[in-house]
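Student: To start, I am sharing the structure in question, which I have written as structure tokens.
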Amino acid sequence: MAMDTQSRRHFLKVATALGTLGVAAPLATQLAGMNVAAAQTATDYRALVCIFLFGGNDAHNTVLATDTDSWARYMSARNTGADPIALLPPGAAPTTTNMRVPGGWGGVLPIVPNTPNPVPAGTNATTRTFALHPMLAPLMPIWNAQRLAVVANAGPLIQPTTKAQFRARSVPLPSNIGSHNDQQATWMAGEPEGARRGWGGKIADQMLSSNGQNAVFTAVSPAGNTVFLAGNQIVQYQVANTMSPAIRIGSAYTPTFGASAAFSTAVRDTIRDNAGPSFFGIDHSTVVRRSMDSADLLNQSFTGAAVTGVPAPPPYVNPINGNTEGNGLATQLQTIARMIAAAPALGIRRQVFFASIGGWDTHDTQNTSQTPLLARVAHAMAYFDAVMGNVGGADMRNRVTTFTMSDFSRTFTTNGDGTDHAWGGHYFVMGGAVRGRDMYGQYPTIGVDQGTFNNPDQQGNNTIPTTSVDQYGATLGRWFGLGDTELATVFRNLGNYNTRTLGFL
């Protein structure tokens, strides 16, 4: 039975806004959120690029406090067990040629923030000093060029939370701290597992009107389906990491079961036909037609000189075994760089991207697991920074901001050869608009409670975040073009903080 005229008009309005189905969520799910109007417009180009580290990266071995007081507690907690995970101090030369243990990597890499990070209660040092994991060496030139910053001790929060409040459960807390699925969802969507809208997608919603008729390419993932890019209006566009990135409706383009090209053409024409008697069939064909046309448009745009000029990532060498291997994260960032290069031809002014790399759940063999992963991240980010310096013949660094997220950090103490699930961690923000070579947020006191020492920032093995995901995301959203009203809509807990943006952009 055909729809009535009013229902059909509503469906057509929604279908036109969707533009394409790609391979995203089912149609009914996509239609459910199509009731929020775009709020902002833009005349320049800007992009946000999220890199998600799935599994929970050990931030304590990524960005380290190296002042004497902090380092002593770090070594006491981590230089133990069957396979110690404590890194060597700054300036230390490799003590062994065995690249499977920290002694083979040399000392951590000192970084000096432009602004001294406050010394928290419980730390006896007069000043704080910091360093990065030895495998993050490719990021050092970017840090020194002031295009890289650290956001310290961030994580999901509902409101500012002290140790006493956490222990007493006297304030609302995020659901299921330490659960992979719940904390991944909370980082990306502000809600536990089952969330259907992410803040990347909701930010993109607010700028959708800036992208004109090709707004379907506003939220793009070369890493598969993600709640992070799901908005109320936005339907994420998933792409393949190839020079023909659009994921097509296969039967409409290639012969199947030995059929001829003419048969495939007939199939394509049939599913694009919107002249049938059924209103639903007409509307469905309209959406499918737009999906196919968008795929053709995107693939055609990838033949342009600006896109084909994006170089391939340099070889990645695994530091543990010395083998030259693929780096899937670098490949995803290459696809994102190509999408950015294609943006002017497509008339796109605002884009949000999602890339990811898994394997960070280092309960065991952390030395040989986290180390090559950090090397992959540094290799990929350094490549992307270099490419952004000359995309389509223009320096795009000031217009593209890249940032990292992860489920959570890991326990401060080792379990013998790895670490377990925890909470607050440290993250990177990169780009020409970043106020780099600096650290934002309070770096926490280091060490577990012992004797007379009572760490105000840590409950047991859990470091309590002092910076919320809402503040982190709101800072990115402000740069992207959102005002206070829009930010409050996207980040529902933002009003619980006196400082609502962090100042790194």
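A note on labels: chains of the structure tokens are A, B, ... as shown, every chain counts residues from 1, and ligands are counted from 1 in their shown order.
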Applying 7 Å and only C-alpha atoms, which residues near Val310 in chain A remain after dropping the ones on its own chain fewer than 4 positions away? List them as a PyMOL selection string.
Tutor: chain A and resi 306+338+391
Student: As a VMD selection string, which residues of range 275-501 of chain A does DSSP assign to alpha helix (DSSP H)?
Tutor: chain A and resid 279 to 301 305 to 308 328 to 346 366 to 388 469 to 480 484 to 490
Student: Quick one: residues within 12 Å of range 188-190 of chain A, only C-alpha atoms counted, chain neighbours fewer than 6 positions away excluded, as a ChimeraX atom specification?
Tutor: /A:50-54,155-158,173-175,181-182,196-203,226-231,354,404-407,468-473,489-494
Student: Residues as selected, N, CA and C atoms, written as a short mmCIF file (atom, residue, chain, number, x, y, z; two decimals), in the first residue's frame, can you do that?
Tutor:
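Okay, this is what ended up in selection20.cif:
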data_model
loop_
_atom_site.label_atom_id
_atom_site.label_comp_id
_atom_site.auth_asym_id
_atom_site.auth_seq_id
_atom_site.Cartn_x
_atom_site.Cartn_y
_atom_site.Cartn_z
N CYS A 50 40.18 12.19 14.02
CA CYS A 50 40.29 11.40 15.26
C CYS A 50 41.07 10.12 14.98
N ILE A 51 42.06 9.83 15.84
CA ILE A 51 42.77 8.55 15.81
C ILE A 51 42.43 7.82 17.10
N PHE A 52 41.69 6.73 17.00
CA PHE A 52 41.28 5.99 18.19
C PHE A 52 42.18 4.77 18.38
N LEU A 53 42.72 4.65 19.60
CA LEU A 53 43.60 3.53 19.96
C LEU A 53 42.75 2.50 20.70
N PHE A 54 42.25 1.50 19.98
CA PHE A 54 41.32 0.55 20.57
C PHE A 54 42.04 -0.44 21.47
N GLY A 155 39.77 11.89 30.54
CA GLY A 155 38.93 10.70 30.53
C GLY A 155 37.48 11.07 30.71
N PRO A 156 36.59 10.10 30.55
CA PRO A 156 35.16 10.37 30.74
C PRO A 156 34.85 10.78 32.18
N LEU A 157 34.16 11.87 32.33
CA LEU A 157 33.67 12.36 33.61
C LEU A 157 32.28 12.94 33.41
N ILE A 158 31.52 13.00 34.47
CA ILE A 158 30.24 13.70 34.43
C ILE A 158 30.37 15.09 35.04
N LEU A 173 29.14 9.10 38.39
CA LEU A 173 30.33 8.62 37.70
C LEU A 173 29.95 7.97 36.38
N PRO A 174 30.87 7.93 35.42
CA PRO A 174 30.57 7.23 34.16
C PRO A 174 30.27 5.76 34.42
N SER A 175 29.47 5.17 33.57
CA SER A 175 29.10 3.77 33.73
C SER A 175 30.26 2.85 33.39
N ASN A 181 33.95 -1.83 25.93
CA ASN A 181 32.83 -1.37 25.09
C ASN A 181 32.20 -0.11 25.65
N ASP A 182 32.00 -0.09 26.96
CA ASP A 182 31.34 1.07 27.57
C ASP A 182 32.21 2.31 27.50
N ARG A 196 23.95 5.76 20.19
CA ARG A 196 23.65 5.78 18.76
C ARG A 196 24.12 7.07 18.09
N ARG A 197 24.56 8.06 18.83
CA ARG A 197 25.03 9.32 18.26
C ARG A 197 26.35 9.70 18.92
N GLY A 198 27.38 10.00 18.12
CA GLY A 198 28.67 10.38 18.65
C GLY A 198 28.90 11.88 18.53
N TRP A 199 29.86 12.38 19.32
CA TRP A 199 30.06 13.83 19.30
C TRP A 199 30.76 14.29 18.02
N GLY A 200 31.47 13.42 17.34
CA GLY A 200 32.01 13.80 16.04
C GLY A 200 30.91 14.06 15.04
N GLY A 201 29.91 13.16 15.02
CA GLY A 201 28.78 13.35 14.14
C GLY A 201 27.93 14.54 14.53
N LYS A 202 27.75 14.76 15.82
CA LYS A 202 26.92 15.88 16.27
C LYS A 202 27.61 17.22 16.02
N ILE A 203 28.95 17.26 16.11
CA ILE A 203 29.67 18.46 15.71
C ILE A 203 29.46 18.72 14.22
N THR A 226 31.51 3.53 12.87
CA THR A 226 31.86 4.05 14.20
C THR A 226 30.74 4.94 14.71
N VAL A 227 30.39 4.78 15.96
CA VAL A 227 29.38 5.65 16.56
C VAL A 227 29.89 7.08 16.65
N PHE A 228 31.19 7.28 16.66
CA PHE A 228 31.75 8.62 16.78
C PHE A 228 31.22 9.55 15.69
N LEU A 229 31.03 9.04 14.48
CA LEU A 229 30.61 9.86 13.35
C LEU A 229 29.11 9.84 13.10
N ALA A 230 28.35 9.19 13.97
CA ALA A 230 26.90 9.12 13.79
C ALA A 230 26.25 10.36 14.40
N GLY A 231 25.57 11.14 13.58
CA GLY A 231 24.91 12.34 14.08
C GLY A 231 23.41 12.24 14.00
N PHE A 354 37.56 9.69 10.91
CA PHE A 354 37.84 8.71 11.97
C PHE A 354 38.80 7.66 11.44
N THR A 404 44.17 12.20 19.37
CA THR A 404 44.06 10.80 19.74
C THR A 404 43.06 10.60 20.87
N MET A 405 42.47 9.40 20.91
CA MET A 405 41.60 8.97 21.99
C MET A 405 41.84 7.47 22.20
N SER A 406 41.46 6.96 23.36
CA SER A 406 41.56 5.53 23.65
C SER A 406 40.55 5.17 24.72
N ASP A 407 40.28 3.87 24.88
CA ASP A 407 39.27 3.42 25.85
C ASP A 407 39.53 4.03 27.23
N SER A 468 38.03 16.39 31.41
CA SER A 468 36.94 15.55 30.89
C SER A 468 36.97 15.47 29.37
N VAL A 469 36.38 14.41 28.84
CA VAL A 469 36.21 14.29 27.40
C VAL A 469 35.40 15.47 26.87
N ASP A 470 34.43 15.94 27.65
CA ASP A 470 33.61 17.08 27.21
C ASP A 470 34.48 18.32 26.98
N GLN A 471 35.40 18.59 27.89
CA GLN A 471 36.29 19.75 27.70
C GLN A 471 37.22 19.55 26.51
N TYR A 472 37.73 18.36 26.37
CA TYR A 472 38.62 18.01 25.24
C TYR A 472 37.88 18.21 23.92
N GLY A 473 36.69 17.60 23.81
CA GLY A 473 35.92 17.72 22.58
C GLY A 473 35.42 19.12 22.32
N THR A 489 24.89 21.75 23.40
CA THR A 489 24.00 20.74 22.84
C THR A 489 24.75 19.43 22.60
N VAL A 490 25.98 19.54 22.11
CA VAL A 490 26.77 18.36 21.78
C VAL A 490 27.30 17.68 23.03
N PHE A 491 27.81 18.48 23.98
CA PHE A 491 28.45 17.94 25.19
C PHE A 491 27.57 18.28 26.40
N ARG A 492 26.76 17.33 26.78
CA ARG A 492 25.71 17.60 27.76
C ARG A 492 26.25 17.85 29.16
N ASN A 493 27.48 17.42 29.46
CA ASN A 493 28.06 17.64 30.79
C ASN A 493 28.93 18.89 30.86
N LEU A 494 29.05 19.61 29.75
CA LEU A 494 29.99 20.73 29.69
C LEU A 494 29.66 21.81 30.71
#
Student: Suppose you want the space between CA of Gly418 in chain A and CA of Gly447 in chain A; what is it in Å?
Tutor: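 These atoms are spaced 17.0 Å apart.
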Student: Taking into account only C-alpha atoms, which residue in the set A:Phe504, A:Phe353, A:Phe130, A:Trp360 is nearest to Gln334 in chain A?
Tutor: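 Nearest candidate to Gln334 in chain A out of A:Phe504, A:Phe353, A:Phe130, A:Trp360: A:Phe353.
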Student: With distances taken over only C-alpha atoms, which residue among A:Leu64, A:Ile234, A:Leu502, A:Ala131 lies nearest Asn211 in chain A?
Tutor: A:Ile234
Student: Could you please determine the separation between CA of Gly358 in chain A and CA of Gly55 in chain A in Å, to one decimal place?
Tutor: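 A separation of 6.3 Å between them.
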Student: Between CA of Asp438 in chain A and CA of Asn144 in chain A, measure the distance and give it in Å to one decimal.
Tutor: 9.9 Å
Student: Can you pull out every residue within 9 Å of range 110-127 of chain A, counting only C-alpha atoms, but drop anything in the same chain fewer than 2 positions away, and send it as number ranges by chain?
Tutor: A: 66-70, 90-91, 107-108, 129-132, 140, 143-144, 149, 436-446, 453-457
Student: Output N, CA and C atoms for every residue in the selection just made, as a tab-separated table (two decimals), in the first residue's frame.
Tutor:
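As written to disk, result22.tsv reads:
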chain	number	residue	atom	x	y	z
A	66	THR	N	59.29	12.95	34.72
A	66	THR	CA	60.66	12.49	34.96
A	66	THR	C	61.37	13.23	36.08
A	67	ASP	N	60.67	14.13	36.79
A	67	ASP	CA	61.31	14.74	37.96
A	67	ASP	C	61.64	13.64	38.96
A	68	THR	N	62.61	13.88	39.79
A	68	THR	CA	63.18	12.84	40.66
A	68	THR	C	62.11	12.15	41.49
A	69	ASP	N	61.21	12.91	42.05
A	69	ASP	CA	60.17	12.35	42.92
A	69	ASP	C	59.26	11.41	42.12
A	70	SER	N	58.79	11.89	40.96
A	70	SER	CA	57.88	11.08	40.14
A	70	SER	C	58.59	9.85	39.58
A	90	PRO	N	65.80	9.64	30.91
A	90	PRO	CA	66.28	10.49	29.81
A	90	PRO	C	67.80	10.44	29.69
A	91	GLY	N	68.27	10.39	28.46
A	91	GLY	CA	69.70	10.40	28.20
A	91	GLY	C	70.38	9.05	28.28
A	107	GLY	N	66.96	5.84	26.42
A	107	GLY	CA	66.15	6.57	27.39
A	107	GLY	C	64.93	7.23	26.78
A	108	VAL	N	63.99	7.60	27.66
A	108	VAL	CA	62.82	8.34	27.23
A	108	VAL	C	63.25	9.70	26.69
A	129	THR	N	59.20	17.73	35.20
A	129	THR	CA	59.83	17.50	33.90
A	129	THR	C	59.18	16.28	33.27
A	130	PHE	N	59.21	16.22	31.91
A	130	PHE	CA	58.43	15.22	31.20
A	130	PHE	C	59.23	14.63	30.05
A	131	ALA	N	58.72	13.50	29.55
A	131	ALA	CA	59.35	12.83	28.42
A	131	ALA	C	58.33	11.98	27.70
A	132	LEU	N	58.68	11.56	26.48
A	132	LEU	CA	57.88	10.65	25.68
A	132	LEU	C	58.59	9.31	25.55
A	140	MET	N	58.96	14.11	17.72
A	140	MET	CA	59.74	15.16	18.35
A	140	MET	C	59.91	16.40	17.47
A	143	TRP	N	56.72	18.31	17.76
A	143	TRP	CA	56.67	18.97	19.08
A	143	TRP	C	57.52	20.24	19.06
A	144	ASN	N	58.74	20.13	18.57
A	144	ASN	CA	59.66	21.27	18.57
A	144	ASN	C	59.18	22.38	17.65
A	149	ALA	N	50.77	19.00	20.92
A	149	ALA	CA	50.53	19.28	22.33
A	149	ALA	C	50.07	17.99	23.02
A	436	GLY	N	51.19	24.44	20.23
A	436	GLY	CA	51.96	23.24	20.52
A	436	GLY	C	53.14	23.46	21.45
A	437	ARG	N	53.91	22.37	21.58
A	437	ARG	CA	55.03	22.29	22.53
A	437	ARG	C	54.55	22.72	23.92
A	438	ASP	N	53.40	22.19	24.28
A	438	ASP	CA	52.84	22.53	25.59
A	438	ASP	C	51.96	21.39	26.08
A	439	MET	N	51.65	21.45	27.36
A	439	MET	CA	50.81	20.44	28.00
A	439	MET	C	49.59	21.13	28.60
A	440	TYR	N	48.42	20.57	28.34
A	440	TYR	CA	47.17	21.15	28.80
A	440	TYR	C	46.49	20.20	29.77
A	441	GLY	N	45.94	20.79	30.83
A	441	GLY	CA	45.39	19.98	31.90
A	441	GLY	C	46.47	19.65	32.93
A	442	GLN	N	46.03	19.22	34.08
A	442	GLN	CA	46.95	18.92	35.19
A	442	GLN	C	47.54	17.52	35.04
A	443	TYR	N	48.87	17.44	34.88
A	443	TYR	CA	49.52	16.13	34.92
A	443	TYR	C	49.44	15.63	36.37
A	444	PRO	N	49.02	14.38	36.59
A	444	PRO	CA	48.71	13.94	37.95
A	444	PRO	C	49.95	13.62	38.79
A	445	THR	N	49.72	13.53	40.08
A	445	THR	CA	50.73	12.98	40.98
A	445	THR	C	50.96	11.52	40.62
A	446	ILE	N	52.21	11.10	40.69
A	446	ILE	CA	52.57	9.74	40.32
A	446	ILE	C	52.76	8.88	41.56
A	453	PHE	N	52.49	8.24	52.19
A	453	PHE	CA	52.19	8.87	50.91
A	453	PHE	C	50.75	8.55	50.52
A	454	ASN	N	49.98	9.59	50.29
A	454	ASN	CA	48.58	9.45	49.89
A	454	ASN	C	48.38	10.26	48.61
A	455	ASN	N	48.33	9.57	47.48
A	455	ASN	CA	48.23	10.23	46.18
A	455	ASN	C	46.83	10.81	46.01
A	456	PRO	N	46.69	12.14	45.85
A	456	PRO	CA	45.36	12.74	45.73
A	456	PRO	C	44.71	12.47	44.38
A	457	ASP	N	45.50	12.01	43.40
A	457	ASP	CA	44.97	11.82	42.05
A	457	ASP	C	44.74	10.37	41.68
Student: Extract, using only C-alpha atoms, all DNA, RNA and protein residues at most 10 Å from Ile320 in chain A, discarding same-chain residues fewer than 5 positions from it, and format them as a list in words.
Tutor: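 Surrounding residues, per the criterion: Asn98, Met99, Arg100, Val101, Gly104, Trp105, Asn367, Thr368, Ser369, Thr371, Pro372 and Ala375 of chain A.
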Student: Compile the contact shell of range 56-60 of chain A as a list of chain:residue names: residues with an atom at most 8 Å away, counting only C-alpha atoms, same-chain residues fewer than 2 positions apart removed.
Tutor: A:Leu53, A:Phe54, A:Thr62, A:Val63, A:Leu64, A:His180, A:Trp360, A:Asp361, A:Thr362, A:Gln370, A:Ser406, A:Asp407, A:Phe408, A:Ser409, A:Arg410, A:Thr411, A:Phe412, A:Thr419, A:His421, A:Gly425, A:His426, A:Tyr427
Student: Kindly save the residues from that selection, with N, CA and C atoms included, as a compact mmCIF listing (two decimals), in the first residue's frame.
Tutor:
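Final output, saved to out_22.txt:
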# COMPACT_ATOMS: atom_id res chain seq x y z
N LEU A 53 42.72 4.65 19.60
CA LEU A 53 43.60 3.53 19.96
C LEU A 53 42.75 2.50 20.70
N PHE A 54 42.25 1.50 19.98
CA PHE A 54 41.32 0.55 20.57
C PHE A 54 42.04 -0.44 21.47
N THR A 62 53.63 6.38 27.87
CA THR A 62 53.56 7.19 26.66
C THR A 62 54.06 8.60 26.93
N VAL A 63 53.50 9.26 27.95
CA VAL A 63 53.96 10.57 28.41
C VAL A 63 54.30 10.42 29.88
N LEU A 64 55.55 10.65 30.23
CA LEU A 64 56.04 10.34 31.57
C LEU A 64 56.50 11.59 32.30
N HIS A 180 35.79 -2.14 28.20
CA HIS A 180 36.17 -1.69 26.87
C HIS A 180 35.00 -1.07 26.11
N TRP A 360 45.77 -2.52 21.74
CA TRP A 360 46.35 -1.84 22.90
C TRP A 360 45.97 -2.47 24.24
N ASP A 361 45.29 -3.61 24.23
CA ASP A 361 44.87 -4.24 25.49
C ASP A 361 46.02 -5.10 26.03
N THR A 362 47.01 -4.43 26.60
CA THR A 362 48.29 -5.07 26.91
C THR A 362 48.33 -5.65 28.32
N GLN A 370 52.99 -2.89 23.02
CA GLN A 370 52.80 -1.44 22.95
C GLN A 370 53.89 -0.77 22.13
N SER A 406 41.46 6.96 23.36
CA SER A 406 41.56 5.53 23.65
C SER A 406 40.55 5.17 24.72
N ASP A 407 40.28 3.87 24.88
CA ASP A 407 39.27 3.42 25.85
C ASP A 407 39.53 4.03 27.23
N PHE A 408 40.78 3.89 27.65
CA PHE A 408 41.24 4.31 28.98
C PHE A 408 42.73 4.11 29.00
N SER A 409 43.37 4.51 30.10
CA SER A 409 44.78 4.18 30.29
C SER A 409 44.87 2.84 31.03
N ARG A 410 46.05 2.51 31.54
CA ARG A 410 46.28 1.23 32.20
C ARG A 410 46.65 1.48 33.66
N THR A 411 46.67 0.41 34.43
CA THR A 411 47.06 0.49 35.83
C THR A 411 48.50 1.00 35.96
N PHE A 412 48.75 1.72 37.04
CA PHE A 412 50.08 2.29 37.24
C PHE A 412 51.11 1.20 37.55
N THR A 419 49.82 -4.60 31.93
CA THR A 419 49.01 -3.72 32.77
C THR A 419 47.54 -4.00 32.51
N HIS A 421 43.17 -2.67 33.08
CA HIS A 421 42.31 -1.54 32.74
C HIS A 421 42.31 -0.50 33.86
N GLY A 425 44.10 9.15 31.19
CA GLY A 425 45.31 9.00 30.39
C GLY A 425 45.70 10.28 29.68
N HIS A 426 46.76 10.21 28.89
CA HIS A 426 47.31 11.37 28.20
C HIS A 426 47.17 11.19 26.69
N TYR A 427 46.90 12.31 25.99
CA TYR A 427 46.55 12.25 24.58
C TYR A 427 47.27 13.35 23.80
